[in-house]
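What follows is a short report on a single structure.
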Amino acid sequence: MKKERIAIAIGDPNGIGPEIAVKAAINFIGSDIQPVLVGDEQVLRHYVQQHAARIPLWPLTEAGGTSNIGESGRDWILYAPVASLPSDRFAPGEVDAEAGRATVAYVREAVRLAQAGEVAAIVGCPHSETAVNSAGIPFSGYPGLIAQLTHTPQDQVFLMLAAAGLRIAHVTLHESVRDALARLTVDLVVKAGVAAACATRRLGVDNVRLAVFGINPHSGEDGLFGDDDERITKPAVAQLRTLGIAADGPAGADLLLGQRRHDVYLAIFHDQGHIPVKLLSPLRASALTIGTEVLFSSVGHGSAFDIAGRGIADPVSVIETVNLLRQAVQRGSRT
């Protein structure tokens, strides 16, 4: 059985990321997926010792060119070592600049492996924006970092949350509503809509139906609640249709989500998209970075420093994100 390799960058090493990464890797032993854990060896060995002491931790550099490691009858946890975190800064539960720096180093290595064809996709475990920025690295989430690492313009890379059959992409993300509104243009909404439709096709939907949320309540009520939708979202939907995308809207997010007639929704602001997904599935959401060739998704929750290192973190979000990416990888191999 040929195994598809999917990298799992372990996220903030002082959060729950390494623990749920190791637990997810254990879950896929014997399957057609070979996770490749990407992180500091000391951190990985700590959690392997806790949760899978009898399973060898095997470096990717010694796995050769085969994706079939483990077929000999032995089980393995494959990993790509990244020496980044000083040993005295490994402290589960602590927010630390060095851990933030390591978080970025893990993703950088995972992207390199994807671009080299060593892995087919990447899962990013939870990060801490505070820790990364404390290291002097400007950071507002994985999408911007993936854009930088893949040399993709920032305004072409977006976030899409997926959980329990609901997919919501975001035009703007981690910024104030005032700044987001000032940055909104017809072109930006169109780019986000195109990225959302392409990503949804990549996930297995052939004839994508896209719905665009309004900027203002009731998408402005034809100008009664402001002219933002008249100037921005209405022309954007018209352009998306000329591009061959079956786009509806703009309309109120509450109306569109109540109808649930579409394959993917386009939120204008962070909370428009995050609230319904987190309400529907607080621990099982996948957060896909869309608009780049590298297939990348983080999980839809944080680093949970309050329980880091206690052995009780639930890996279900990583497992489901790996399964989501597996669908996209297998679909791509058939096209």
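Note on naming: chains are A, B, ... as they come in the structure tokens, residues start from 1 per chain, ligands start from 1 in the order shown.
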
Non-local contacts of Trp58 of chain A (6 Å; only C-alpha atoms; under 2 positions in same chain excluded) as a compact mmCIF listing (two decimals) with C-alpha atoms, in the first residue's frame:
# COMPACT_ATOMS: atom_id res chain seq x y z
CA PRO A 56 10.25 4.07 16.97
CA ILE A 77 6.50 7.63 13.60
CA LEU A 78 8.28 9.55 10.86

Could you build a table of the residues in segment 161-202 of chain A lying no more than 9 Å from segment 228-242 of chain A, giving for each the nearest pair of atoms and their separation in Å rounded to one decimal place, using only C-alpha atoms, ordered by chain and ascending residue number, as JSON lines?
{"residue": "A:Leu181", "atom": "CA", "partner": "A:Asp228", "partner_atom": "CA", "distance": 8.8}
{"residue": "A:Leu184", "atom": "CA", "partner": "A:Ile232", "partner_atom": "CA", "distance": 7.5}
{"residue": "A:Thr185", "atom": "CA", "partner": "A:Ile232", "partner_atom": "CA", "distance": 5.9}
{"residue": "A:Val186", "atom": "CA", "partner": "A:Ile232", "partner_atom": "CA", "distance": 4.9}
{"residue": "A:Asp187", "atom": "CA", "partner": "A:Ala236", "partner_atom": "CA", "distance": 7.1}
{"residue": "A:Leu188", "atom": "CA", "partner": "A:Ala236", "partner_atom": "CA", "distance": 8.6}
{"residue": "A:Val189", "atom": "CA", "partner": "A:Ala236", "partner_atom": "CA", "distance": 6.1}
{"residue": "A:Val190", "atom": "CA", "partner": "A:Ala236", "partner_atom": "CA", "distance": 5.4}
{"residue": "A:Lys191", "atom": "CA", "partner": "A:Leu240", "partner_atom": "CA", "distance": 9.0}
{"residue": "A:Gly193", "atom": "CA", "partner": "A:Leu240", "partner_atom": "CA", "distance": 7.2}
{"residue": "A:Val194", "atom": "CA", "partner": "A:Leu240", "partner_atom": "CA", "distance": 7.3}

Which residues of segment 180-280 of chain A come within 8 Å of segment 153-165 of chain A, and for each one, what is the closest pair of atoms and their distance in Å to one decimal, counting only C-alpha atoms, sorted by chain and residue number, as a tab-separated table?
residue	atom	partner	partner_atom	distance
A:Leu188	CA	A:Asp155	CA	6.9
A:Lys191	CA	A:Gln156	CA	6.3
A:Ala192	CA	A:Phe158	CA	6.5
A:Ala195	CA	A:Phe158	CA	7.5
A:Ala196	CA	A:Met160	CA	7.3
A:Gly273	CA	A:Leu161	CA	7.6
A:His274	CA	A:Leu161	CA	7.5
A:Val277	CA	A:Ala163	CA	6.6
A:Leu280	CA	A:Ala164	CA	7.4

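With only C-alpha atoms as the basis for measurement, A:Asp75 is the residue among A:Asp75, A:Glu98, A:Asp179, A:Glu221 that approaches Ile26 of chain A most closely.
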
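Taking atom CA of Ser219 of chain A as the reference point, atom CA of Arg201 of chain A is found at 26.7 Å.
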
Could I get the residues of segment 50-123 of chain A with an atom no further than 9 Å from an atom of segment 1-24 of chain A, each paired with its nearest atom pair and that distance in Å to one decimal, using only C-alpha atoms, sorted by chain and residue number, as a Markdown table?
| residue | atom | partner | partner_atom | distance |
| --- | --- | --- | --- | --- |
| A:His51 | CA | A:Lys23 | CA | 7.2 |
| A:Ala52 | CA | A:Val22 | CA | 8.2 |
| A:Thr66 | CA | A:Lys2 | CA | 8.8 |
| A:Ser67 | CA | A:Lys3 | CA | 5.4 |
| A:Asn68 | CA | A:Lys3 | CA | 5.7 |
| A:Ile69 | CA | A:Lys3 | CA | 8.3 |
| A:Glu71 | CA | A:Met1 | CA | 7.9 |
| A:Ile77 | CA | A:Val22 | CA | 8.2 |
| A:Tyr79 | CA | A:Ala7 | CA | 8.5 |
| A:Ala80 | CA | A:Ala7 | CA | 8.7 |
| A:Leu85 | CA | A:Pro13 | CA | 8.2 |
| A:Arg89 | CA | A:Asn14 | CA | 8.6 |
| A:Phe90 | CA | A:Asn14 | CA | 6.3 |
| A:Ala91 | CA | A:Asn14 | CA | 5.6 |
| A:Pro92 | CA | A:Asn14 | CA | 4.1 |
| A:Gly93 | CA | A:Asn14 | CA | 5.6 |
| A:Glu94 | CA | A:Asn14 | CA | 6.0 |
| A:Val95 | CA | A:Asn14 | CA | 7.0 |
| A:Asp96 | CA | A:Asn14 | CA | 7.9 |
| A:Ala99 | CA | A:Asp12 | CA | 5.8 |
| A:Gly100 | CA | A:Asp12 | CA | 6.2 |
| A:Arg101 | CA | A:Asp12 | CA | 8.8 |
| A:Ala102 | CA | A:Asp12 | CA | 7.2 |
| A:Thr103 | CA | A:Gly11 | CA | 5.1 |
| A:Val104 | CA | A:Gly11 | CA | 8.1 |
| A:Tyr106 | CA | A:Ala9 | CA | 5.6 |
| A:Val107 | CA | A:Ala9 | CA | 5.8 |
| A:Glu109 | CA | A:Ala9 | CA | 8.5 |
| A:Ala110 | CA | A:Ala7 | CA | 6.3 |
| A:Val111 | CA | A:Ala7 | CA | 8.9 |
| A:Leu113 | CA | A:Ala7 | CA | 8.2 |
| A:Ala114 | CA | A:Ala7 | CA | 8.1 |
| A:Glu118 | CA | A:Arg5 | CA | 7.4 |
| A:Val119 | CA | A:Arg5 | CA | 4.9 |
| A:Ala120 | CA | A:Ile6 | CA | 5.7 |
| A:Ala121 | CA | A:Ile6 | CA | 5.0 |
| A:Ile122 | CA | A:Ala7 | CA | 4.7 |
| A:Val123 | CA | A:Ile8 | CA | 4.7 |

Would you save the residues of that selection, restricted to C-alpha atoms, as a PDB file, in the first residue's frame?
ATOM      1  CA  HIS A  51       2.181   8.372  24.472  1.00  0.00           C
ATOM      2  CA  ALA A  52       3.963   5.900  22.187  1.00  0.00           C
ATOM      3  CA  THR A  66      10.046   5.227  -0.289  1.00  0.00           C
ATOM      4  CA  SER A  67       6.669   6.293   1.032  1.00  0.00           C
ATOM      5  CA  ASN A  68       6.083   2.765   2.242  1.00  0.00           C
ATOM      6  CA  ILE A  69       8.041   2.784   5.476  1.00  0.00           C
ATOM      7  CA  GLU A  71       5.349  -2.147   5.374  1.00  0.00           C
ATOM      8  CA  ILE A  77       6.502   7.631  13.599  1.00  0.00           C
ATOM      9  CA  TYR A  79       9.672  12.991  11.601  1.00  0.00           C
ATOM     10  CA  ALA A  80      11.697  15.831  10.089  1.00  0.00           C
ATOM     11  CA  LEU A  85      14.103  25.641  20.375  1.00  0.00           C
ATOM     12  CA  ARG A  89      13.075  27.054  26.726  1.00  0.00           C
ATOM     13  CA  PHE A  90      10.991  23.900  26.352  1.00  0.00           C
ATOM     14  CA  ALA A  91       8.430  24.611  29.050  1.00  0.00           C
ATOM     15  CA  PRO A  92       4.886  23.390  28.357  1.00  0.00           C
ATOM     16  CA  GLY A  93       2.373  26.020  29.348  1.00  0.00           C
ATOM     17  CA  GLU A  94       4.730  28.981  28.964  1.00  0.00           C
ATOM     18  CA  VAL A  95       4.338  31.670  26.300  1.00  0.00           C
ATOM     19  CA  ASP A  96       7.876  32.267  25.086  1.00  0.00           C
ATOM     20  CA  ALA A  99       8.865  28.977  21.108  1.00  0.00           C
ATOM     21  CA  GLY A 100       7.293  31.487  18.735  1.00  0.00           C
ATOM     22  CA  ARG A 101      10.457  31.574  16.647  1.00  0.00           C
ATOM     23  CA  ALA A 102      10.470  27.770  16.560  1.00  0.00           C
ATOM     24  CA  THR A 103       6.840  27.705  15.402  1.00  0.00           C
ATOM     25  CA  VAL A 104       7.802  29.653  12.285  1.00  0.00           C
ATOM     26  CA  TYR A 106       8.726  24.321  11.716  1.00  0.00           C
ATOM     27  CA  VAL A 107       6.338  25.710   9.110  1.00  0.00           C
ATOM     28  CA  GLU A 109      10.669  23.405   6.901  1.00  0.00           C
ATOM     29  CA  ALA A 110       7.272  21.856   6.174  1.00  0.00           C
ATOM     30  CA  VAL A 111       6.766  24.194   3.212  1.00  0.00           C
ATOM     31  CA  LEU A 113       9.352  19.618   2.119  1.00  0.00           C
ATOM     32  CA  ALA A 114       6.126  20.251   0.205  1.00  0.00           C
ATOM     33  CA  GLU A 118       8.627  15.101  -0.006  1.00  0.00           C
ATOM     34  CA  VAL A 119       5.104  15.628   1.364  1.00  0.00           C
ATOM     35  CA  ALA A 120       1.778  16.150  -0.383  1.00  0.00           C
ATOM     36  CA  ALA A 121       0.206  18.551   2.125  1.00  0.00           C
ATOM     37  CA  ILE A 122       0.800  20.260   5.473  1.00  0.00           C
ATOM     38  CA  VAL A 123      -1.127  20.490   8.720  1.00  0.00           C
TER      39      VAL A 123
END

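The spacing separating atom CA of Gly252 of chain A from atom CA of Asp271 of chain A amounts to 13.7 Å.
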
Would you mind writing down, as a list in words, each residue of segment 215-314 of chain A that DSSP on the backbone assigns to strand (DSSP E)? Ala246, Ala247, Asp248, Gly249, Pro250, Ala251, Val264, Tyr265, Leu266, Ala267, Ser286, Ala287, Leu288, Thr289, Ile290, Phe296, Ser297, Ser298 and Val299 of chain A

Report as a ChimeraX atom specification: the residues of segment 215-315 of chain A with a DSSP assignment of helix (DSSP H, G or I), based on the backbone of this structure. /A:217-220,228-242,253-259,270-280

Have a look at atom CA of Ser140 of chain A and atom CA of Arg112 of chain A and let me know their distance in Å, one decimal.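 Taking atom CA of Ser140 of chain A as the start and atom CA of Arg112 of chain A as the end point, the length is 20.8 Å.
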
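Among the candidates A:Ile215, A:Leu324, A:Gly136, A:Asp263, the residue lying nearest to Asp227 of chain A is A:Ile215 (atoms considered: only C-alpha atoms).
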